[in-house]
Structure formats: structure tokens, C-alpha cells
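What follows is the content of my_file.cif (mmCIF, C-alpha atoms).
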```
data_data
#
loop_
_atom_site.group_PDB
_atom_site.id
_atom_site.type_symbol
_atom_site.label_atom_id
_atom_site.label_comp_id
_atom_site.auth_asym_id
_atom_site.auth_seq_id
_atom_site.Cartn_x
_atom_site.Cartn_y
_atom_site.Cartn_z
ATOM 1 C CA MET W 1 27.217 -11.155 9.681
ATOM 2 C CA ALA W 2 25.107 -8.759 11.740
ATOM 3 C CA ASP W 3 22.402 -6.853 9.851
ATOM 4 C CA LEU W 4 23.922 -3.582 11.011
ATOM 5 C CA SER W 5 27.073 -2.435 12.717
ATOM 6 C CA ILE W 6 27.802 1.204 13.463
ATOM 7 C CA HIS W 7 31.226 2.773 13.790
ATOM 8 C CA VAL W 8 31.567 6.223 15.348
ATOM 9 C CA ARG W 9 34.711 8.377 15.347
ATOM 10 C CA GLU W 10 35.712 12.005 15.549
ATOM 11 C CA SER W 11 37.339 13.738 12.591
ATOM 12 C CA SER W 12 38.072 17.421 11.973
ATOM 13 C CA GLY W 13 35.371 18.688 14.318
ATOM 14 C CA ALA W 14 32.671 16.315 13.089
ATOM 15 C CA THR W 15 31.352 13.083 14.483
ATOM 16 C CA VAL W 16 31.574 10.573 11.678
ATOM 17 C CA VAL W 17 28.964 7.812 11.829
ATOM 18 C CA GLN W 18 29.608 4.888 9.524
ATOM 19 C CA PRO W 19 26.730 2.386 9.372
ATOM 20 C CA GLU W 20 27.555 -0.933 7.760
ATOM 21 C CA GLY W 21 24.776 -3.189 6.509
ATOM 22 C CA PHE W 22 21.051 -2.456 6.398
ATOM 23 C CA ILE W 23 18.941 0.114 8.182
ATOM 24 C CA ASN W 24 15.323 -0.995 8.232
ATOM 25 C CA ALA W 25 12.575 -1.529 10.801
ATOM 26 C CA HIS W 26 14.609 -4.344 12.348
ATOM 27 C CA THR W 27 17.816 -2.383 12.890
ATOM 28 C CA VAL W 28 16.574 1.182 13.143
ATOM 29 C CA ARG W 29 16.506 1.296 16.945
ATOM 30 C CA GLN W 30 20.242 0.562 16.997
ATOM 31 C CA PHE W 31 20.869 3.359 14.500
ATOM 32 C CA GLU W 32 18.583 5.773 16.323
ATOM 33 C CA SER W 33 20.255 5.052 19.675
ATOM 34 C CA ALA W 34 23.697 5.727 18.212
ATOM 35 C CA LEU W 35 22.548 9.094 16.839
ATOM 36 C CA GLU W 36 20.720 10.041 20.032
ATOM 37 C CA GLU W 37 23.786 9.249 22.134
ATOM 38 C CA ILE W 38 25.906 11.544 19.972
ATOM 39 C CA VAL W 39 23.421 14.401 20.225
ATOM 40 C CA LYS W 40 22.963 13.909 23.975
ATOM 41 C CA SER W 41 26.709 14.264 24.414
ATOM 42 C CA GLY W 42 26.546 17.680 22.772
ATOM 43 C CA ARG W 43 27.999 16.754 19.396
ATOM 44 C CA TYR W 44 25.813 18.414 16.781
ATOM 45 C CA THR W 45 27.864 18.158 13.585
ATOM 46 C CA ILE W 46 27.294 14.657 12.302
ATOM 47 C CA LEU W 47 28.621 13.216 9.078
ATOM 48 C CA LEU W 48 26.933 10.016 7.939
ATOM 49 C CA ASN W 49 29.444 8.129 5.835
ATOM 50 C CA CYS W 50 27.223 5.733 3.867
ATOM 51 C CA ALA W 51 29.965 3.899 1.948
ATOM 52 C CA ALA W 52 29.107 0.584 3.605
ATOM 53 C CA LEU W 53 25.359 1.169 3.902
ATOM 54 C CA ASN W 54 23.605 -1.286 1.608
ATOM 55 C CA TYR W 55 20.190 0.253 2.039
ATOM 56 C CA ILE W 56 18.079 2.447 4.241
ATOM 57 C CA SER W 57 14.308 2.238 4.471
ATOM 58 C CA SER W 58 11.885 4.950 5.578
ATOM 59 C CA ALA W 59 12.373 3.797 9.167
ATOM 60 C CA GLY W 60 16.007 4.883 8.965
ATOM 61 C CA LEU W 61 15.108 8.124 7.227
ATOM 62 C CA GLY W 62 12.711 8.829 10.076
ATOM 63 C CA ALA W 63 15.535 8.430 12.582
ATOM 64 C CA ILE W 64 17.564 11.080 10.761
ATOM 65 C CA MET W 65 14.552 13.351 10.333
ATOM 66 C CA GLY W 66 13.828 13.077 14.031
ATOM 67 C CA LEU W 67 17.114 14.745 14.925
ATOM 68 C CA ILE W 68 17.678 17.277 12.164
ATOM 69 C CA GLU W 69 15.878 20.117 13.917
ATOM 70 C CA THR W 70 17.709 19.521 17.200
ATOM 71 C CA VAL W 71 21.154 19.556 15.640
ATOM 72 C CA ARG W 72 20.404 22.640 13.534
ATOM 73 C CA GLU W 73 18.933 24.511 16.482
ATOM 74 C CA ASN W 74 22.248 23.889 18.207
ATOM 75 C CA GLY W 75 24.328 25.208 15.343
ATOM 76 C CA GLY W 76 25.168 21.834 13.850
ATOM 77 C CA ASP W 77 24.020 19.788 10.901
ATOM 78 C CA ILE W 78 23.707 16.270 9.537
ATOM 79 C CA LEU W 79 25.702 15.723 6.361
ATOM 80 C CA LEU W 80 25.863 12.696 4.103
ATOM 81 C CA CYS W 81 28.695 11.299 2.040
ATOM 82 C CA SER W 82 29.694 8.315 -0.089
ATOM 83 C CA LEU W 83 26.155 7.146 -0.841
ATOM 84 C CA GLN W 84 25.744 3.996 -2.886
ATOM 85 C CA GLU W 85 23.528 4.398 -5.958
ATOM 86 C CA ASN W 86 20.422 2.815 -4.451
ATOM 87 C CA VAL W 87 20.772 4.748 -1.189
ATOM 88 C CA PHE W 88 21.159 7.992 -3.124
ATOM 89 C CA ALA W 89 18.032 7.082 -5.117
ATOM 90 C CA ILE W 90 16.030 6.809 -1.896
ATOM 91 C CA PHE W 91 17.185 10.183 -0.577
ATOM 92 C CA ASP W 92 16.764 11.824 -3.964
ATOM 93 C CA THR W 93 13.305 10.361 -4.607
ATOM 94 C CA LEU W 94 12.051 11.848 -1.376
ATOM 95 C CA GLY W 95 13.674 15.212 -1.956
ATOM 96 C CA PHE W 96 16.070 14.735 0.939
ATOM 97 C CA THR W 97 19.042 15.768 -1.178
ATOM 98 C CA GLU W 98 17.604 19.286 -0.806
ATOM 99 C CA LEU W 99 17.388 18.943 2.943
ATOM 100 C CA TYR W 100 20.840 17.491 3.552
ATOM 101 C CA LYS W 101 24.209 18.351 2.076
ATOM 102 C CA VAL W 102 25.472 15.342 0.160
ATOM 103 C CA PHE W 103 29.144 14.860 -0.704
ATOM 104 C CA ALA W 104 30.933 12.376 -2.913
ATOM 105 C CA SER W 105 33.511 11.531 -0.260
ATOM 106 C CA GLU W 106 34.265 11.998 3.427
ATOM 107 C CA ASP W 107 37.221 14.230 2.550
ATOM 108 C CA ASP W 108 34.953 16.508 0.503
ATOM 109 C CA ALA W 109 32.506 16.772 3.380
ATOM 110 C CA LEU W 110 35.180 17.550 5.950
ATOM 111 C CA LEU W 111 36.772 20.148 3.676
ATOM 112 C CA SER W 112 33.390 21.805 3.281
ATOM 113 C CA LEU W 113 32.905 21.879 7.037
ATOM 114 C CA ALA W 114 36.320 23.430 7.419
ATOM 115 C CA GLY W 115 35.256 26.133 4.965
ATOM 116 C CA LYS W 116 37.885 25.157 2.441
ATOM 117 C CA VAL W 117 35.518 24.388 -0.445
ATOM 118 C CA MET D 118 1.265 -32.211 -10.147
ATOM 119 C CA ALA D 119 2.613 -28.696 -10.669
ATOM 120 C CA THR D 120 2.250 -27.216 -14.120
ATOM 121 C CA ALA D 121 4.745 -24.969 -15.879
ATOM 122 C CA THR D 122 2.458 -22.016 -15.123
ATOM 123 C CA ASP D 123 2.552 -22.790 -11.410
ATOM 124 C CA LEU D 124 6.320 -22.674 -11.526
ATOM 125 C CA GLU D 125 6.196 -19.027 -12.650
ATOM 126 C CA ASN D 126 5.025 -18.167 -9.137
ATOM 127 C CA PHE D 127 6.461 -18.875 -5.761
ATOM 128 C CA ARG D 128 5.286 -18.258 -2.269
ATOM 129 C CA LEU D 129 6.787 -17.537 1.118
ATOM 130 C CA LEU D 130 5.101 -17.484 4.492
ATOM 131 C CA ILE D 131 6.940 -15.597 7.231
ATOM 132 C CA PRO D 132 6.185 -14.760 10.876
ATOM 133 C CA SER D 133 5.277 -11.098 11.443
ATOM 134 C CA GLN D 134 8.765 -10.243 12.671
ATOM 135 C CA THR D 135 11.113 -7.627 11.291
ATOM 136 C CA ARG D 136 14.057 -10.033 11.588
ATOM 137 C CA TYR D 137 12.834 -11.646 8.359
ATOM 138 C CA LEU D 138 12.840 -8.425 6.347
ATOM 139 C CA ASN D 139 16.322 -8.998 4.960
ATOM 140 C CA LEU D 140 15.415 -12.491 3.863
ATOM 141 C CA VAL D 141 12.413 -11.293 1.887
ATOM 142 C CA THR D 142 14.016 -8.181 0.424
ATOM 143 C CA GLY D 143 16.995 -10.240 -0.696
ATOM 144 C CA LEU D 144 14.625 -12.642 -2.396
ATOM 145 C CA ALA D 145 12.682 -9.800 -4.039
ATOM 146 C CA LYS D 146 15.894 -8.273 -5.329
ATOM 147 C CA ARG D 147 17.061 -11.532 -6.830
ATOM 148 C CA ALA D 148 13.625 -12.222 -8.298
ATOM 149 C CA SER D 149 13.704 -8.807 -9.962
ATOM 150 C CA THR D 150 16.990 -9.550 -11.707
ATOM 151 C CA VAL D 151 15.673 -12.967 -12.752
ATOM 152 C CA ALA D 152 12.656 -11.148 -14.234
ATOM 153 C CA GLY D 153 15.056 -9.060 -16.321
ATOM 154 C CA MET D 154 15.488 -5.855 -14.317
ATOM 155 C CA ASP D 155 18.833 -4.136 -13.847
ATOM 156 C CA ASP D 156 20.491 -3.931 -10.426
ATOM 157 C CA ALA D 157 19.305 -0.387 -9.690
ATOM 158 C CA THR D 158 15.678 -1.273 -10.427
ATOM 159 C CA ALA D 159 15.955 -4.502 -8.450
ATOM 160 C CA ALA D 160 17.219 -2.509 -5.454
ATOM 161 C CA LYS D 161 14.168 -0.245 -5.689
ATOM 162 C CA VAL D 162 11.821 -3.221 -5.788
ATOM 163 C CA SER D 163 13.490 -4.647 -2.689
ATOM 164 C CA ILE D 164 12.988 -1.351 -0.823
ATOM 165 C CA ALA D 165 9.311 -1.269 -1.823
ATOM 166 C CA VAL D 166 8.917 -4.816 -0.479
ATOM 167 C CA ASP D 167 10.665 -3.847 2.758
ATOM 168 C CA GLU D 168 8.263 -0.936 3.197
ATOM 169 C CA ALA D 169 5.173 -3.004 2.393
ATOM 170 C CA ILE D 170 6.052 -5.794 4.810
ATOM 171 C CA THR D 171 7.106 -3.336 7.509
ATOM 172 C CA ASN D 172 3.676 -1.708 7.166
ATOM 173 C CA VAL D 173 2.020 -5.084 7.668
ATOM 174 C CA ILE D 174 4.106 -5.957 10.728
ATOM 175 C CA MET D 175 4.098 -2.556 12.425
ATOM 176 C CA HIS D 176 0.681 -1.197 11.461
ATOM 177 C CA ALA D 177 -1.638 -4.008 10.340
ATOM 178 C CA TYR D 178 -0.427 -6.347 13.110
ATOM 179 C CA GLN D 179 0.629 -3.477 15.425
ATOM 180 C CA GLY D 180 3.988 -5.079 16.080
ATOM 181 C CA GLU D 181 2.563 -8.397 17.261
ATOM 182 C CA SER D 182 5.022 -11.107 16.299
ATOM 183 C CA ASP D 183 2.768 -14.180 16.285
ATOM 184 C CA HIS D 184 0.973 -13.619 12.986
ATOM 185 C CA LEU D 185 1.807 -14.599 9.428
ATOM 186 C CA VAL D 186 2.653 -12.628 6.323
ATOM 187 C CA ASP D 187 1.985 -14.438 3.065
ATOM 188 C CA ILE D 188 4.075 -13.305 0.107
ATOM 189 C CA GLU D 189 3.800 -14.427 -3.505
ATOM 190 C CA LEU D 190 6.025 -13.442 -6.405
ATOM 191 C CA ARG D 191 4.512 -13.860 -9.856
ATOM 192 C CA PHE D 192 6.533 -13.642 -13.037
ATOM 193 C CA THR D 193 4.180 -12.669 -15.849
ATOM 194 C CA GLY D 194 6.773 -12.331 -18.601
ATOM 195 C CA THR D 195 6.343 -8.564 -18.801
ATOM 196 C CA ALA D 196 6.312 -7.758 -15.096
ATOM 197 C CA LEU D 197 7.007 -8.948 -11.589
ATOM 198 C CA GLU D 198 3.914 -8.937 -9.398
ATOM 199 C CA ILE D 199 4.353 -9.041 -5.645
ATOM 200 C CA HIS D 200 1.306 -9.960 -3.583
ATOM 201 C CA ILE D 201 1.371 -9.606 0.194
ATOM 202 C CA TRP D 202 -1.546 -10.945 2.248
ATOM 203 C CA HIS D 203 -2.255 -10.694 5.947
ATOM 204 C CA THR D 204 -5.147 -10.900 8.380
ATOM 205 C CA GLY D 205 -4.449 -7.679 10.276
ATOM 206 C CA ARG D 206 -6.022 -4.311 9.765
ATOM 207 C CA GLY D 207 -5.947 -3.724 6.031
ATOM 208 C CA LEU D 208 -5.244 -0.422 4.394
ATOM 209 C CA GLN D 209 -8.031 0.712 2.069
ATOM 210 C CA GLN D 210 -7.139 2.275 -1.244
ATOM 211 C CA ASP D 211 -8.958 5.485 -0.320
ATOM 212 C CA GLU D 212 -6.921 5.756 2.892
ATOM 213 C CA VAL D 213 -3.713 6.051 0.938
ATOM 214 C CA VAL D 214 -2.546 9.639 1.110
ATOM 215 C CA LEU D 215 0.921 10.186 -0.245
ATOM 216 C CA PRO D 216 2.904 12.953 1.419
ATOM 217 C CA ASP D 217 4.350 15.706 -0.726
ATOM 218 C CA PRO D 218 8.159 15.390 -0.575
ATOM 219 C CA SER D 219 8.606 19.151 -0.886
ATOM 220 C CA GLU D 220 6.461 19.609 2.239
ATOM 221 C CA TYR D 221 8.674 17.129 4.054
ATOM 222 C CA VAL D 222 11.683 19.169 3.094
ATOM 223 C CA LYS D 223 10.076 22.332 4.455
ATOM 224 C CA HIS D 224 8.661 20.701 7.582
ATOM 225 C CA PRO D 225 10.804 17.696 8.530
ATOM 226 C CA ARG D 226 9.080 15.078 10.650
ATOM 227 C CA LYS D 227 9.157 11.353 11.226
ATOM 228 C CA GLY D 228 6.972 8.810 9.445
ATOM 229 C CA GLY D 229 4.756 8.545 6.382
ATOM 230 C CA LEU D 230 7.419 7.968 3.792
ATOM 231 C CA GLY D 231 7.074 4.226 3.228
ATOM 232 C CA LEU D 232 4.001 4.469 1.006
ATOM 233 C CA LEU D 233 5.663 7.208 -0.977
ATOM 234 C CA LEU D 234 8.706 5.047 -1.662
ATOM 235 C CA MET D 235 6.463 2.143 -2.664
ATOM 236 C CA SER D 236 4.525 4.300 -5.108
ATOM 237 C CA ARG D 237 7.639 5.917 -6.564
ATOM 238 C CA PHE D 238 9.621 2.710 -6.961
ATOM 239 C CA MET D 239 6.832 0.472 -8.311
ATOM 240 C CA ASP D 240 4.639 0.974 -11.367
ATOM 241 C CA GLU D 241 1.435 0.043 -9.545
ATOM 242 C CA VAL D 242 0.473 -0.343 -5.884
ATOM 243 C CA HIS D 243 -3.004 -1.560 -4.920
ATOM 244 C CA PHE D 244 -4.662 -2.356 -1.626
ATOM 245 C CA GLU D 245 -7.794 -4.401 -1.134
ATOM 246 C CA GLU D 246 -9.527 -6.537 1.461
ATOM 247 C CA ARG D 247 -11.456 -9.698 0.645
ATOM 248 C CA ALA D 248 -12.801 -12.586 2.702
ATOM 249 C CA GLY D 249 -11.068 -11.483 5.874
ATOM 250 C CA ARG D 250 -7.678 -11.096 4.241
ATOM 251 C CA ALA D 251 -6.034 -7.840 3.262
ATOM 252 C CA GLU D 252 -3.761 -7.610 0.260
ATOM 253 C CA CYS D 253 -1.110 -5.265 -1.004
ATOM 254 C CA CYS D 254 -0.263 -5.876 -4.645
ATOM 255 C CA MET D 255 2.739 -4.190 -6.242
ATOM 256 C CA ILE D 256 3.679 -4.465 -9.890
ATOM 257 C CA LYS D 257 6.957 -3.617 -11.557
ATOM 258 C CA ARG D 258 7.068 -3.903 -15.328
ATOM 259 C CA VAL D 259 10.170 -5.098 -17.097
ATOM 260 C CA SER D 260 11.156 -2.394 -19.560
#
```

Can you dump the structure from the file as C-alpha cells?
Amino acid sequence: MADLSIHVRESSGATVVQPEGFINAHTVRQFESALEEIVKSGRYTILLNCAALNYISSAGLGAIMGLIETVRENGGDILLCSLQENVFAIFDTLGFTELYKVFASEDDALLSLAGKV
Amino acid sequence: MATATDLENFRLLIPSQTRYLNLVTGLAKRASTVAGMDDATAAKVSIAVDEAITNVIMHAYQGESDHLVDIELRFTGTALEIHIWHTGRGLQQDEVVLPDPSEYVKHPRKGGLGLLLMSRFMDEVHFEERAGRAECCMIKRVS
């Protein structure tokens, strides 16, 4: 099994990025490239569905941090959903749960984006 | 002949390549559960190990892949000690400046978070350099 695979799809006006596996110094370039490609194509509302993300190290957090200003300056945002306990612990420990909106499920996140919650 | 005490420790030597991170973090996670930690704590230990070894590969060895990283796990009965040695540029204890997470939230930027995760997820993190080898020692007590 590959260390990381990344699935990208469009849903309800957001680009849903679903990483599967591990994001660390070995795989971060792959993750970063996927995010950069989305932003370059003018898609600024990105939902990271972390259901299949086993862990993310600071290298992966850096990749997200590197794009947050760009997407927000363009009226978009990076949202997170379906975080496993240990992934949530990493975001929470670093205070990132204040910086990013975190949702229990993809449906909850998309409903929020649609202004229905 | 190995003694029972020797068997409380084990050692792994890996090339300075990020492709081996998963191997070592998986081992650290399993070692943590063997030491008596729950799954959530074991996951935190594995992240701290990932960060420490990434620092060695990317900063101490500046990404050069032809060096070695020497890792030892010691079970003391009350804690798991993780020792990481290398011959690259060692981090001195007084160079360790942990970023303030609230400042990161106000002024997002890349980098600098690995040491913070190590310090938050482990009970002790020490750096020292001796006889041409640098060491990072991390301790997680079994509660």
C-alpha cells in the first residue's frame, strides 16, 4: 500500500480533498502539490476530509498553513472534517482548531458552507 | 551473551531517508503499547518520533540521504525512553525555542511546529552533543 493517496472531487461548491494514509516529510510534497494545483485552478474553498488520514506531521500542517492566506484572500477557506482522534489531537494541541473550522462529518461541513447550519 | 536487562532495550539503525519514517513510527507506536500506554498516547509518541527523526534528516543532515540515524528504545518499567543519535549538526538545548501556538493562529506561517509537538506529546525532550555525536532523548512515562 502506498504511504499516501489523495482523492479530489467537487461537491456542493467545495473541492473535497481526501488524503488516505500518512502525511509526513516523505509524502508531504505529494499533498502540497495536490493543494497547490487546486488553488492554481482558482478553487479556493477546500474541504479536507480526514476520515482516512492516519496521521499528519508538522510537515503536512505546514503545507496547509502555506495556503491558508491565499485561499482566504480570494474569498475561500480551508475546512476540515472527519478527523481521527490522533489527528484531531495534533490540530488541537497546536491551536489549529481555532484557525480552521472543524466538522464531525463531510455533510456537516457542506451544510455549513451552504449556509444551512 | 545478552542479559535480561539488555533485552529491555532494542536498537535500529536507518539511512537518513524519509522513506523509513513510517517504519520507525510504527515501531515506536507498538513499543508504546507494549510499555503499557493506551492507543491515543502511543499515537502521540509516534508523532514525536516522526518529528525528531525528520529534524535529523532534514536539518542535521540537511536532506543528505547517505548518513545514518541510530535509534534506541529503552523500556524502564515506568517509562519509554527514545534515544536518537546522529553525526550531523546537533541542536543545542539552549537553541530550542518553542513557538507560541496562539501566535501561529494569529500569524500563520510554515515551519517550526515539530519541536512544539515533541514537547507537548512527550514528558521530557533533551538535546545534547558528546564525542562527535548529537542526541535527542525523549521520555514518555507510563501513567

Legend entry - Residues matched by the PyMOL selection byres ((chain D and resi 183) around 7), written as a list of chain:residue names: D:Pro132, D:Ser133, D:Glu181, D:Ser182, D:His184, D:Leu185

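Proximity to chain W was assessed for D:Gln210, D:Ser149, D:Ser236, D:Asn126 counting all atoms listed in the file; the smallest distance is recorded for D:Ser236.
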
Legend entry - Residue members of the PyMOL selection byres ((chain W) within 8 of (chain D)) in the file shown, as number ranges by chain: W: 24-26, 55, 57-59, 61-63, 65-66, 68-69, 85-86, 90, 93-96, 98-99

Legend entry - Residue members of the PyMOL selection byres ((chain D and resi 248-252) around 6) in the file shown, as a VMD selection string: chain D and resid 201 to 204 207 244 to 247 253

Inset, instruction - Give me the residues within 9 Å of Asp3 of chain W as a ChimeraX atom specification, counting all atoms listed in the file and dropping any in the same chain fewer than 4 places off. - result: /W:20-23,26-27 /D:139

Inset, instruction - Have a look at atom CA of Met154 of chain D and atom CA of Thr195 of chain D and let me know their distance in Å, one decimal. - result: 10.5 Å

Inset, instruction - Could you jot down the atom CA of Asp240 of chain D to atom CA of Ile131 of chain D separation for me, Å, one decimal place? - result: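 If I compute the distance from atom CA of Asp240 of chain D to atom CA of Ile131 of chain D, I get 25.0 Å.
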
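One distance worth recording is that between atom CA of Val162 of chain D and atom CA of Leu83 of chain W, which is 18.4 Å.
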
Legend entry - Exercise: Arg191 of chain D partners within 9 Å, only C-alpha atoms, chain neighbours under 4 positions left out, as a PyMOL selection string: chain D and resi 125-128+196-200

Legend entry - Near-Leu129 of chain D list (9 Å; only C-alpha atoms; drop same-chain fewer than 6 positions) as a list in words: Val141, Val186, Asp187, Ile188, Glu189 and Leu190 of chain D

Dump of segment 36-48 of chain W from preceding block, N, CA and C atoms, as a tab-separated table (two decimals), in the first residue's frame:
```
chain	number	residue	atom	x	y	z
W	36	GLU	N	-1.79	22.79	-4.14
W	36	GLU	CA	-1.36	23.91	-4.99
W	36	GLU	C	-2.08	23.88	-6.34
W	37	GLU	N	-2.26	22.68	-6.87
W	37	GLU	CA	-2.94	22.54	-8.16
W	37	GLU	C	-4.39	23.03	-8.06
W	38	ILE	N	-5.02	22.72	-6.96
W	38	ILE	CA	-6.41	23.16	-6.74
W	38	ILE	C	-6.48	24.68	-6.69
W	39	VAL	N	-5.59	25.27	-5.91
W	39	VAL	CA	-5.59	26.73	-5.76
W	39	VAL	C	-5.23	27.41	-7.08
W	40	LYS	N	-4.27	26.85	-7.79
W	40	LYS	CA	-3.88	27.44	-9.09
W	40	LYS	C	-5.04	27.43	-10.07
W	41	SER	N	-5.91	26.46	-9.95
W	41	SER	CA	-7.04	26.38	-10.87
W	41	SER	C	-8.21	27.27	-10.43
W	42	GLY	N	-7.96	28.05	-9.38
W	42	GLY	CA	-8.97	29.03	-8.96
W	42	GLY	C	-10.03	28.48	-8.03
W	43	ARG	N	-9.78	27.32	-7.46
W	43	ARG	CA	-10.75	26.76	-6.49
W	43	ARG	C	-10.23	27.07	-5.08
W	44	TYR	N	-10.96	27.92	-4.38
W	44	TYR	CA	-10.46	28.42	-3.09
W	44	TYR	C	-11.23	27.92	-1.87
W	45	THR	N	-12.28	27.14	-2.10
W	45	THR	CA	-12.99	26.56	-0.95
W	45	THR	C	-12.65	25.08	-0.92
W	46	ILE	N	-11.83	24.72	0.05
W	46	ILE	CA	-11.27	23.37	0.10
W	46	ILE	C	-11.69	22.70	1.40
W	47	LEU	N	-12.27	21.53	1.25
W	47	LEU	CA	-12.65	20.74	2.43
W	47	LEU	C	-11.74	19.52	2.51
W	48	LEU	N	-10.97	19.46	3.58
W	48	LEU	CA	-10.09	18.30	3.80
W	48	LEU	C	-10.86	17.26	4.59
```
